[in-house]
>>> print(open('protein-v2.pdb').read())   # PDB, C-alpha atoms
ATOM      1  CA  MET A   1      22.173 -12.104  -8.745  1.00  0.00           C
ATOM      2  CA  ASP A   2      21.849 -14.757 -11.428  1.00  0.00           C
ATOM      3  CA  ALA A   3      21.296 -18.261 -10.035  1.00  0.00           C
ATOM      4  CA  GLU A   4      23.868 -19.675 -12.482  1.00  0.00           C
ATOM      5  CA  SER A   5      26.660 -17.639 -10.861  1.00  0.00           C
ATOM      6  CA  LEU A   6      25.139 -17.703  -7.387  1.00  0.00           C
ATOM      7  CA  LEU A   7      28.124 -18.921  -5.362  1.00  0.00           C
ATOM      8  CA  LEU A   8      30.496 -16.313  -6.782  1.00  0.00           C
ATOM      9  CA  SER A   9      27.919 -13.537  -6.367  1.00  0.00           C
ATOM     10  CA  LEU A  10      27.277 -14.513  -2.745  1.00  0.00           C
ATOM     11  CA  GLU A  11      31.009 -14.405  -2.063  1.00  0.00           C
ATOM     12  CA  LEU A  12      31.242 -10.898  -3.489  1.00  0.00           C
ATOM     13  CA  ALA A  13      28.229  -9.749  -1.451  1.00  0.00           C
ATOM     14  CA  SER A  14      29.364 -11.311   1.828  1.00  0.00           C
ATOM     15  CA  GLY A  15      31.533  -8.295   2.660  1.00  0.00           C
ATOM     16  CA  SER A  16      28.422  -6.520   3.944  1.00  0.00           C
ATOM     17  CA  GLY A  17      28.290  -8.961   6.875  1.00  0.00           C
ATOM     18  CA  GLN A  18      24.995 -10.516   5.726  1.00  0.00           C
ATOM     19  CA  GLY A  19      26.224 -13.722   4.135  1.00  0.00           C
ATOM     20  CA  LEU A  20      24.579 -17.140   4.022  1.00  0.00           C
ATOM     21  CA  SER A  21      25.719 -20.341   5.677  1.00  0.00           C
ATOM     22  CA  PRO A  22      27.216 -23.128   3.491  1.00  0.00           C
ATOM     23  CA  ASP A  23      24.034 -25.182   4.017  1.00  0.00           C
ATOM     24  CA  ARG A  24      21.833 -22.337   2.793  1.00  0.00           C
ATOM     25  CA  ARG A  25      24.058 -21.736  -0.218  1.00  0.00           C
ATOM     26  CA  ALA A  26      23.952 -25.392  -1.220  1.00  0.00           C
ATOM     27  CA  SER A  27      20.166 -25.525  -0.797  1.00  0.00           C
ATOM     28  CA  LEU A  28      19.692 -22.368  -2.870  1.00  0.00           C
ATOM     29  CA  LEU A  29      21.920 -23.594  -5.670  1.00  0.00           C
ATOM     30  CA  THR A  30      19.971 -26.839  -5.978  1.00  0.00           C
ATOM     31  CA  SER A  31      16.451 -25.534  -5.427  1.00  0.00           C
ATOM     32  CA  LEU A  32      16.759 -22.533  -7.795  1.00  0.00           C
ATOM     33  CA  THR A  33      17.906 -24.891 -10.547  1.00  0.00           C
ATOM     34  CA  LEU A  34      14.736 -26.905 -10.000  1.00  0.00           C
ATOM     35  CA  VAL A  35      12.620 -23.717  -9.901  1.00  0.00           C
ATOM     36  CA  LYS A  36      14.023 -22.683 -13.289  1.00  0.00           C
ATOM     37  CA  ARG A  37      13.193 -26.097 -14.737  1.00  0.00           C
ATOM     38  CA  ASP A  38       9.743 -26.512 -13.193  1.00  0.00           C
ATOM     39  CA  TYR A  39       8.493 -23.011 -14.006  1.00  0.00           C
ATOM     40  CA  ARG A  40      10.279 -22.932 -17.379  1.00  0.00           C
ATOM     41  CA  PHE A  41      12.010 -19.638 -16.677  1.00  0.00           C
ATOM     42  CA  ASP A  42      14.705 -18.328 -18.995  1.00  0.00           C
ATOM     43  CA  ARG A  43      16.651 -16.988 -15.989  1.00  0.00           C
ATOM     44  CA  VAL A  44      16.263 -17.121 -12.223  1.00  0.00           C
ATOM     45  CA  LEU A  45      17.608 -14.340 -10.018  1.00  0.00           C
ATOM     46  CA  PHE A  46      18.207 -14.630  -6.298  1.00  0.00           C
ATOM     47  CA  TRP A  47      16.634 -11.335  -5.208  1.00  0.00           C
ATOM     48  CA  GLY A  48      17.821 -11.435  -1.595  1.00  0.00           C
ATOM     49  CA  ARG A  49      16.605 -11.982   1.937  1.00  0.00           C
ATOM     50  CA  ILE A  50      14.094 -10.106   4.101  1.00  0.00           C
ATOM     51  CA  LEU A  51      14.738 -10.617   7.795  1.00  0.00           C
ATOM     52  CA  GLY A  52      11.860 -11.615  10.058  1.00  0.00           C
ATOM     53  CA  LEU A  53      11.419 -12.105  13.798  1.00  0.00           C
ATOM     54  CA  VAL A  54      10.481 -15.789  13.532  1.00  0.00           C
ATOM     55  CA  ALA A  55      12.029 -16.692  10.156  1.00  0.00           C
ATOM     56  CA  ASP A  56      13.582 -14.991   7.137  1.00  0.00           C
ATOM     57  CA  TYR A  57      12.119 -14.734   3.659  1.00  0.00           C
ATOM     58  CA  TYR A  58      14.401 -15.796   0.794  1.00  0.00           C
ATOM     59  CA  ILE A  59      13.233 -14.192  -2.439  1.00  0.00           C
ATOM     60  CA  ALA A  60      13.795 -15.314  -6.034  1.00  0.00           C
ATOM     61  CA  GLN A  61      12.487 -13.975  -9.327  1.00  0.00           C
ATOM     62  CA  GLY A  62      11.929 -15.803 -12.591  1.00  0.00           C
ATOM     63  CA  LEU A  63      12.349 -14.068 -15.947  1.00  0.00           C
ATOM     64  CA  SER A  64      11.056 -15.077 -19.349  1.00  0.00           C
ATOM     65  CA  GLU A  65      13.052 -14.751 -22.584  1.00  0.00           C
ATOM     66  CA  ASP A  66      11.883 -11.137 -22.846  1.00  0.00           C
ATOM     67  CA  GLN A  67      13.713  -9.680 -19.853  1.00  0.00           C
ATOM     68  CA  LEU A  68      11.252  -6.783 -19.359  1.00  0.00           C
ATOM     69  CA  ALA A  69       8.182  -9.009 -19.320  1.00  0.00           C
ATOM     70  CA  PRO A  70       6.486  -9.138 -15.883  1.00  0.00           C
ATOM     71  CA  ARG A  71       8.682 -11.110 -13.494  1.00  0.00           C
ATOM     72  CA  LYS A  72       7.408 -13.939 -11.306  1.00  0.00           C
ATOM     73  CA  THR A  73       8.378 -13.632  -7.645  1.00  0.00           C
ATOM     74  CA  LEU A  74       8.728 -16.570  -5.263  1.00  0.00           C
ATOM     75  CA  TYR A  75       9.641 -16.857  -1.603  1.00  0.00           C
ATOM     76  CA  SER A  76      10.999 -19.592   0.636  1.00  0.00           C
ATOM     77  CA  LEU A  77      11.518 -19.946   4.365  1.00  0.00           C
ATOM     78  CA  ASN A  78      14.039 -22.783   4.118  1.00  0.00           C
ATOM     79  CA  CYS A  79      15.747 -22.264   0.706  1.00  0.00           C
ATOM     80  CA  MET A  80      14.218 -25.523  -0.548  1.00  0.00           C
ATOM     81  CA  GLU A  81      10.449 -25.124  -0.898  1.00  0.00           C
ATOM     82  CA  TRP A  82       9.275 -22.142  -2.938  1.00  0.00           C
ATOM     83  CA  SER A  83       5.862 -20.476  -3.142  1.00  0.00           C
ATOM     84  CA  LEU A  84       4.725 -18.194  -5.950  1.00  0.00           C
ATOM     85  CA  LEU A  85       3.556 -14.714  -4.928  1.00  0.00           C
ATOM     86  CA  PRO A  86       0.684 -12.918  -6.710  1.00  0.00           C
ATOM     87  CA  PRO A  87       1.404  -9.800  -8.803  1.00  0.00           C
ATOM     88  CA  ALA A  88       1.550  -6.513  -6.896  1.00  0.00           C
ATOM     89  CA  THR A  89      -1.306  -4.019  -7.258  1.00  0.00           C
ATOM     90  CA  GLU A  90      -1.897  -0.394  -6.260  1.00  0.00           C
ATOM     91  CA  GLU A  91      -4.565  -1.612  -3.843  1.00  0.00           C
ATOM     92  CA  MET A  92      -1.968  -3.753  -2.057  1.00  0.00           C
ATOM     93  CA  ALA A  93       0.406  -0.792  -1.768  1.00  0.00           C
ATOM     94  CA  THR A  94      -2.312   1.390  -0.256  1.00  0.00           C
ATOM     95  CA  GLN A  95      -3.510  -1.341   2.091  1.00  0.00           C
ATOM     96  CA  THR A  96      -0.060  -2.226   3.432  1.00  0.00           C
ATOM     97  CA  SER A  97       1.268   1.345   3.721  1.00  0.00           C
ATOM     98  CA  VAL A  98      -0.124   1.554   7.275  1.00  0.00           C
ATOM     99  CA  VAL A  99       1.925  -1.446   8.482  1.00  0.00           C
ATOM    100  CA  LYS A 100       5.209  -0.518  10.152  1.00  0.00           C
ATOM    101  CA  GLY A 101       8.008  -2.417  11.869  1.00  0.00           C
ATOM    102  CA  ARG A 102       9.725  -5.741  11.281  1.00  0.00           C
ATOM    103  CA  PHE A 103       8.293  -8.664   9.356  1.00  0.00           C
ATOM    104  CA  MET A 104       7.225 -11.599  11.496  1.00  0.00           C
ATOM    105  CA  GLY A 105       8.457 -14.283   9.105  1.00  0.00           C
ATOM    106  CA  ASP A 106       5.048 -15.979   8.955  1.00  0.00           C
ATOM    107  CA  PRO A 107       3.149 -15.478   5.639  1.00  0.00           C
ATOM    108  CA  SER A 108      -0.195 -16.254   7.305  1.00  0.00           C
ATOM    109  CA  HIS A 109       0.303 -13.681  10.080  1.00  0.00           C
ATOM    110  CA  GLU A 110      -2.353 -10.947  10.060  1.00  0.00           C
ATOM    111  CA  TYR A 111      -1.698  -7.371  11.125  1.00  0.00           C
ATOM    112  CA  GLU A 112      -4.622  -5.462  12.589  1.00  0.00           C
ATOM    113  CA  HIS A 113      -5.187  -1.827  11.702  1.00  0.00           C
ATOM    114  CA  THR A 114      -8.002   0.352  13.005  1.00  0.00           C
ATOM    115  CA  GLU A 115      -9.339   2.950  10.595  1.00  0.00           C
ATOM    116  CA  VAL A 116     -12.290   5.301  10.634  1.00  0.00           C
ATOM    117  CA  GLN A 117     -14.884   4.805   7.916  1.00  0.00           C
ATOM    118  CA  LYS A 118     -17.990   6.819   7.098  1.00  0.00           C
ATOM    119  CA  VAL A 119     -21.243   4.899   7.315  1.00  0.00           C
ATOM    120  CA  ASN A 120     -24.543   6.018   5.788  1.00  0.00           C
ATOM    121  CA  GLU A 121     -27.816   5.174   7.493  1.00  0.00           C
ATOM    122  CA  GLY A 122     -30.623   6.842   5.669  1.00  0.00           C
ATOM    123  CA  GLU A 123     -29.948  10.575   5.695  1.00  0.00           C
ATOM    124  CA  LYS A 124     -27.473  10.328   8.561  1.00  0.00           C
ATOM    125  CA  VAL A 125     -23.733   9.947   8.124  1.00  0.00           C
ATOM    126  CA  PHE A 126     -21.535   8.957  11.034  1.00  0.00           C
ATOM    127  CA  GLU A 127     -18.025   7.661  11.545  1.00  0.00           C
ATOM    128  CA  GLU A 128     -17.271   4.166  12.727  1.00  0.00           C
ATOM    129  CA  GLU A 129     -14.017   2.481  13.713  1.00  0.00           C
ATOM    130  CA  VAL A 130     -13.332  -0.651  11.687  1.00  0.00           C
ATOM    131  CA  VAL A 131     -10.557  -3.189  12.300  1.00  0.00           C
ATOM    132  CA  VAL A 132      -8.856  -4.158   9.028  1.00  0.00           C
ATOM    133  CA  GLN A 133      -6.716  -7.300   8.838  1.00  0.00           C
ATOM    134  CA  ILE A 134      -3.712  -7.326   6.500  1.00  0.00           C
ATOM    135  CA  LYS A 135      -1.871 -10.555   5.688  1.00  0.00           C
ATOM    136  CA  GLU A 136       1.910 -10.520   5.865  1.00  0.00           C
ATOM    137  CA  GLU A 137       2.104 -12.212   2.469  1.00  0.00           C
ATOM    138  CA  THR A 138       0.331  -9.184   0.966  1.00  0.00           C
ATOM    139  CA  ARG A 139       2.819  -6.888   2.684  1.00  0.00           C
ATOM    140  CA  LEU A 140       5.688  -8.989   1.333  1.00  0.00           C
ATOM    141  CA  VAL A 141       4.408  -8.626  -2.243  1.00  0.00           C
ATOM    142  CA  SER A 142       4.048  -4.861  -1.879  1.00  0.00           C
ATOM    143  CA  VAL A 143       7.462  -4.285  -0.271  1.00  0.00           C
ATOM    144  CA  ILE A 144       9.309  -6.338  -2.920  1.00  0.00           C
ATOM    145  CA  ASP A 145       7.529  -4.410  -5.687  1.00  0.00           C
ATOM    146  CA  GLN A 146       8.390  -1.036  -4.133  1.00  0.00           C
ATOM    147  CA  ILE A 147      12.055  -1.992  -3.723  1.00  0.00           C
ATOM    148  CA  ASP A 148      12.196  -3.237  -7.324  1.00  0.00           C
ATOM    149  CA  LYS A 149      10.758  -0.004  -8.685  1.00  0.00           C
ATOM    150  CA  ALA A 150      13.167   2.102  -6.646  1.00  0.00           C
ATOM    151  CA  VAL A 151      16.502   0.299  -6.842  1.00  0.00           C
ATOM    152  CA  ALA A 152      16.453  -2.609  -9.337  1.00  0.00           C
ATOM    153  CA  ILE A 153      19.047  -1.480 -11.896  1.00  0.00           C
ATOM    154  CA  VAL A 154      21.109  -2.907 -14.770  1.00  0.00           C
ATOM    155  CA  PRO A 155      24.275  -1.522 -16.372  1.00  0.00           C
ATOM    156  CA  ARG A 156      24.053  -0.108 -19.874  1.00  0.00           C
ATOM    157  CA  GLY A 157      24.784  -2.831 -22.388  1.00  0.00           C
ATOM    158  CA  ALA A 158      23.805  -5.805 -20.227  1.00  0.00           C
ATOM    159  CA  LEU A 159      20.507  -6.030 -22.124  1.00  0.00           C
ATOM    160  CA  PHE A 160      19.674  -5.153 -25.700  1.00  0.00           C
ATOM    161  CA  LYS A 161      16.478  -4.540 -27.624  1.00  0.00           C
ATOM    162  CA  THR A 162      15.961  -6.573 -30.780  1.00  0.00           C
ATOM    163  CA  PRO A 163      14.360  -5.131 -33.947  1.00  0.00           C
ATOM    164  CA  PHE A 164      11.249  -7.136 -33.001  1.00  0.00           C
ATOM    165  CA  GLY A 165      10.945  -5.284 -29.670  1.00  0.00           C
ATOM    166  CA  SER A 166      11.905  -8.039 -27.225  1.00  0.00           C
ATOM    167  CA  ILE A 167      14.581  -7.412 -24.585  1.00  0.00           C
ATOM    168  CA  ASN A 168      17.320 -10.056 -24.443  1.00  0.00           C
ATOM    169  CA  VAL A 169      20.465 -10.679 -22.424  1.00  0.00           C
ATOM    170  CA  ASN A 170      23.609  -9.392 -24.143  1.00  0.00           C
ATOM    171  CA  ARG A 171      25.880 -12.452 -24.081  1.00  0.00           C
ATOM    172  CA  THR A 172      28.884 -10.369 -25.191  1.00  0.00           C
ATOM    173  CA  PHE A 173      28.625  -7.871 -22.314  1.00  0.00           C
ATOM    174  CA  GLU A 174      31.733  -8.066 -20.123  1.00  0.00           C
ATOM    175  CA  GLY A 175      31.044  -5.143 -17.799  1.00  0.00           C
ATOM    176  CA  LEU A 176      31.506  -1.377 -17.843  1.00  0.00           C
ATOM    177  CA  SER A 177      34.851   0.315 -18.164  1.00  0.00           C
ATOM    178  CA  LEU A 178      36.167   2.121 -15.087  1.00  0.00           C
ATOM    179  CA  SER A 179      35.257   5.539 -16.474  1.00  0.00           C
ATOM    180  CA  GLU A 180      31.760   4.458 -17.534  1.00  0.00           C
ATOM    181  CA  ALA A 181      31.098   2.702 -14.233  1.00  0.00           C
ATOM    182  CA  LYS A 182      31.424   6.054 -12.429  1.00  0.00           C
ATOM    183  CA  LYS A 183      28.580   7.650 -14.399  1.00  0.00           C
ATOM    184  CA  LEU A 184      24.928   7.432 -13.337  1.00  0.00           C
ATOM    185  CA  SER A 185      23.994   7.560 -17.026  1.00  0.00           C
ATOM    186  CA  SER A 186      25.558   4.080 -17.363  1.00  0.00           C
ATOM    187  CA  TYR A 187      22.790   2.510 -15.264  1.00  0.00           C
ATOM    188  CA  PHE A 188      19.098   1.974 -15.980  1.00  0.00           C
ATOM    189  CA  HIS A 189      16.026   1.152 -13.906  1.00  0.00           C
ATOM    190  CA  PHE A 190      15.179  -2.489 -14.573  1.00  0.00           C
ATOM    191  CA  LYS A 191      11.548  -1.850 -15.502  1.00  0.00           C
ATOM    192  CA  GLU A 192       9.376  -0.459 -18.268  1.00  0.00           C
ATOM    193  CA  PRO A 193      10.414   3.168 -19.006  1.00  0.00           C
ATOM    194  CA  VAL A 194       8.368   6.117 -17.810  1.00  0.00           C
ATOM    195  CA  GLU A 195      10.529   9.214 -18.277  1.00  0.00           C
ATOM    196  CA  LEU A 196      11.911   8.024 -21.610  1.00  0.00           C
ATOM    197  CA  LYS A 197       8.480   8.234 -23.197  1.00  0.00           C
ATOM    198  CA  ASN A 198       8.311  11.954 -22.327  1.00  0.00           C
ATOM    199  CA  LYS A 199      11.627  12.848 -23.981  1.00  0.00           C
ATOM    200  CA  THR A 200      11.607  14.848 -27.218  1.00  0.00           C
ATOM    201  CA  LEU A 201      13.073  13.578 -30.478  1.00  0.00           C
ATOM    202  CA  LEU A 202      15.965  16.004 -30.004  1.00  0.00           C
ATOM    203  CA  GLU A 203      16.742  14.522 -26.582  1.00  0.00           C
ATOM    204  CA  LYS A 204      16.674  11.023 -28.081  1.00  0.00           C
ATOM    205  CA  ALA A 205      18.929  11.963 -31.005  1.00  0.00           C
ATOM    206  CA  ASP A 206      22.147  10.695 -29.382  1.00  0.00           C
ATOM    207  CA  MET A 207      20.583   7.565 -27.908  1.00  0.00           C
ATOM    208  CA  ASP A 208      21.126   4.067 -29.227  1.00  0.00           C
ATOM    209  CA  PRO A 209      17.621   2.520 -29.466  1.00  0.00           C
ATOM    210  CA  SER A 210      19.044  -0.977 -28.995  1.00  0.00           C
ATOM    211  CA  LEU A 211      20.682  -0.036 -25.660  1.00  0.00           C
ATOM    212  CA  ASP A 212      18.959   3.101 -24.317  1.00  0.00           C
ATOM    213  CA  PHE A 213      15.402   1.824 -23.954  1.00  0.00           C
ATOM    214  CA  MET A 214      14.968   2.208 -20.163  1.00  0.00           C
ATOM    215  CA  ASP A 215      15.030   5.166 -17.778  1.00  0.00           C
ATOM    216  CA  SER A 216      18.527   6.281 -16.795  1.00  0.00           C
ATOM    217  CA  LEU A 217      19.493   7.002 -13.180  1.00  0.00           C
ATOM    218  CA  GLU A 218      21.157  10.221 -14.340  1.00  0.00           C
ATOM    219  CA  HIS A 219      18.271  12.544 -13.500  1.00  0.00           C
ATOM    220  CA  ASP A 220      16.839  10.678 -10.494  1.00  0.00           C
ATOM    221  CA  ILE A 221      15.953  12.801  -7.492  1.00  0.00           C
ATOM    222  CA  PRO A 222      16.253  10.804  -4.238  1.00  0.00           C
ATOM    223  CA  LYS A 223      13.077  10.716  -2.176  1.00  0.00           C
ATOM    224  CA  VAL A 224      13.542  11.898   1.387  1.00  0.00           C
ATOM    225  CA  GLU A 225      11.257  10.386   4.015  1.00  0.00           C
ATOM    226  CA  PRO A 226       9.728  12.965   6.407  1.00  0.00           C
TER     227      PRO A 226
END
>>> encode(input="protein-v2.pdb", output="structure tokens")
Amino acid sequence: MDAESLLLSLELASGSGQGLSPDRRASLLTSLTLVKRDYRFDRVLFWGRILGLVADYYIAQGLSEDQLAPRKTLYSLNCMEWSLLPPATEEMATQTSVVKGRFMGDPSHEYEHTEVQKVNEGEKVFEEEVVVQIKEETRLVSVIDQIDKAVAIVPRGALFKTPFGSINVNRTFEGLSLSEAKKLSSYFHFKEPVELKNKTLLEKADMDPSLDFMDSLEHDIPKVEP
């Protein structure tokens, strides 16, 4: 949700039973305005909250003028002081995939994981158990990135692609009609396209290049966890 319409968006989302207290809302409204100014973001989005055992993580993302440029992600434990997270990598995803259960709510907390590694000594090869420590901050980066890739979406028409290739906010967009809102083809993954690049020219014939420049949800196949 956009920080500029934060209070209204929080009201609309509070029906899920996971709202924020008036103090938290006031702190977010003020601090995200300062984050936008200090980091010189074009827009700031309140991403949401990740619950922890000791404290909760409040997540925000900063966008540049080109809306599909890599986003900056920040977290706060008190809705006032924000820390910038590093970009997610494949190595982080692999490293943190072994961590299960709730977040602690402490970025410096280290999870311990025992794995078996092969060790070479001369011509002999034997297996050795090694304890690997994984910081919760690294897990936080990886989880946010995975959620973004899976479920960060925008309605068709909310963004448009200029002739110069940059992606901008469509200031005239007032929402989808009732009939269009019911179609999965009216929603796009909010990230660089993958499937679109594999489409043939015939498949792209009916697409509007200024609006249909991301992957549609229409042909998504939900992943089922074993």
>>> closest_residue(input="protein-v2.pdb", among="A:Ile153, A:Val116, A:Ile167, A:Val131", to="Ala69 (chain A)", atoms="all atoms listed in the file")
A:Ile167
>>> resolve_selection(input="protein-v2.pdb", expression="the PyMOL selection byres ((chain A and resi 22-29) around 10)", output="PyMOL selection string")
chain A and resi 3-7+10+19-21+30-34+46+58+60+76+78-81
>>> atom_distance(input="protein-v2.pdb", atom1="CA of Phe103 (chain A)", atom2="CA of His189 (chain A)")
26.4 Å
>>> resolve_selection(input="protein-v2.pdb", expression="the PyMOL selection byres ((chain A and resi 141) around 9)", output="list in words")
Thr73, Leu85, Pro86, Pro87, Ala88, Thr89, Met92, Ala93, Glu136, Glu137, Thr138, Arg139, Leu140, Ser142, Val143, Ile144, Asp145 and Gln146 of chain A
>>> write_last_selection(input="protein-v2.pdb", atoms="C-alpha atoms", output="tab-separated table (two decimals), in the coordinates of the input")
chain	number	residue	atom	x	y	z
A	73	THR	CA	8.38	-13.63	-7.64
A	85	LEU	CA	3.56	-14.71	-4.93
A	86	PRO	CA	0.68	-12.92	-6.71
A	87	PRO	CA	1.40	-9.80	-8.80
A	88	ALA	CA	1.55	-6.51	-6.90
A	89	THR	CA	-1.31	-4.02	-7.26
A	92	MET	CA	-1.97	-3.75	-2.06
A	93	ALA	CA	0.41	-0.79	-1.77
A	136	GLU	CA	1.91	-10.52	5.86
A	137	GLU	CA	2.10	-12.21	2.47
A	138	THR	CA	0.33	-9.18	0.97
A	139	ARG	CA	2.82	-6.89	2.68
A	140	LEU	CA	5.69	-8.99	1.33
A	142	SER	CA	4.05	-4.86	-1.88
A	143	VAL	CA	7.46	-4.28	-0.27
A	144	ILE	CA	9.31	-6.34	-2.92
A	145	ASP	CA	7.53	-4.41	-5.69
A	146	GLN	CA	8.39	-1.04	-4.13
>>> atom_distance(input="protein-v2.pdb", atom1="CA of Leu74 (chain A)", atom2="CA of Ser14 (chain A)")
22.4 Å
>>> atom_distance(input="protein-v2.pdb", atom1="CA of Leu84 (chain A)", atom2="CA of Arg49 (chain A)")
15.6 Å
>>> decode(input="protein-v2.pdb", residues="region 155-167 of chain A", atoms="N, CA, C and O atoms", output="mmCIF file, in the first residue's frame")
data_model
loop_
_atom_site.group_PDB
_atom_site.id
_atom_site.type_symbol
_atom_site.label_atom_id
_atom_site.label_comp_id
_atom_site.auth_asym_id
_atom_site.auth_seq_id
_atom_site.Cartn_x
_atom_site.Cartn_y
_atom_site.Cartn_z
ATOM 1 N N PRO A 155 -2.795 -4.208 -10.874
ATOM 2 C CA PRO A 155 -3.856 -4.311 -11.880
ATOM 3 C C PRO A 155 -3.414 -3.722 -13.217
ATOM 4 O O PRO A 155 -2.577 -2.813 -13.259
ATOM 5 N N ARG A 156 -3.964 -4.252 -14.278
ATOM 6 C CA ARG A 156 -3.645 -3.759 -15.617
ATOM 7 C C ARG A 156 -4.072 -2.295 -15.746
ATOM 8 O O ARG A 156 -5.216 -1.948 -15.459
ATOM 9 N N GLY A 157 -3.164 -1.473 -16.162
ATOM 10 C CA GLY A 157 -3.445 -0.058 -16.342
ATOM 11 C C GLY A 157 -2.901 0.830 -15.243
ATOM 12 O O GLY A 157 -2.828 2.045 -15.410
ATOM 13 N N ALA A 158 -2.517 0.231 -14.105
ATOM 14 C CA ALA A 158 -1.988 1.044 -13.005
ATOM 15 C C ALA A 158 -0.616 1.603 -13.343
ATOM 16 O O ALA A 158 -0.227 2.663 -12.854
ATOM 17 N N LEU A 159 0.127 0.886 -14.194
ATOM 18 C CA LEU A 159 1.434 1.338 -14.657
ATOM 19 C C LEU A 159 1.428 1.365 -16.182
ATOM 20 O O LEU A 159 0.677 0.618 -16.816
ATOM 21 N N PHE A 160 2.257 2.204 -16.754
ATOM 22 C CA PHE A 160 2.372 2.211 -18.208
ATOM 23 C C PHE A 160 3.827 2.358 -18.620
ATOM 24 O O PHE A 160 4.647 2.918 -17.880
ATOM 25 N N LYS A 161 4.130 1.830 -19.794
ATOM 26 C CA LYS A 161 5.495 1.855 -20.308
ATOM 27 C C LYS A 161 5.632 2.985 -21.320
ATOM 28 O O LYS A 161 4.853 3.072 -22.276
ATOM 29 N N THR A 162 6.589 3.860 -21.094
ATOM 30 C CA THR A 162 6.794 4.991 -21.992
ATOM 31 C C THR A 162 7.545 4.540 -23.252
ATOM 32 O O THR A 162 8.171 3.469 -23.268
ATOM 33 N N PRO A 163 7.534 5.334 -24.310
ATOM 34 C CA PRO A 163 8.298 4.994 -25.516
ATOM 35 C C PRO A 163 9.795 4.856 -25.256
ATOM 36 O O PRO A 163 10.514 4.237 -26.038
ATOM 37 N N PHE A 164 10.270 5.434 -24.144
ATOM 38 C CA PHE A 164 11.695 5.363 -23.809
ATOM 39 C C PHE A 164 12.022 4.119 -22.985
ATOM 40 O O PHE A 164 13.174 3.881 -22.641
ATOM 41 N N GLY A 165 10.987 3.323 -22.626
ATOM 42 C CA GLY A 165 11.215 2.075 -21.917
ATOM 43 C C GLY A 165 11.034 2.110 -20.422
ATOM 44 O O GLY A 165 11.012 1.069 -19.774
ATOM 45 N N SER A 166 10.895 3.284 -19.816
ATOM 46 C CA SER A 166 10.719 3.353 -18.367
ATOM 47 C C SER A 166 9.262 3.060 -18.008
ATOM 48 O O SER A 166 8.350 3.284 -18.797
ATOM 49 N N ILE A 167 9.060 2.552 -16.791
ATOM 50 C CA ILE A 167 7.728 2.193 -16.311
ATOM 51 C C ILE A 167 7.286 3.234 -15.292
ATOM 52 O O ILE A 167 7.926 3.391 -14.242
#
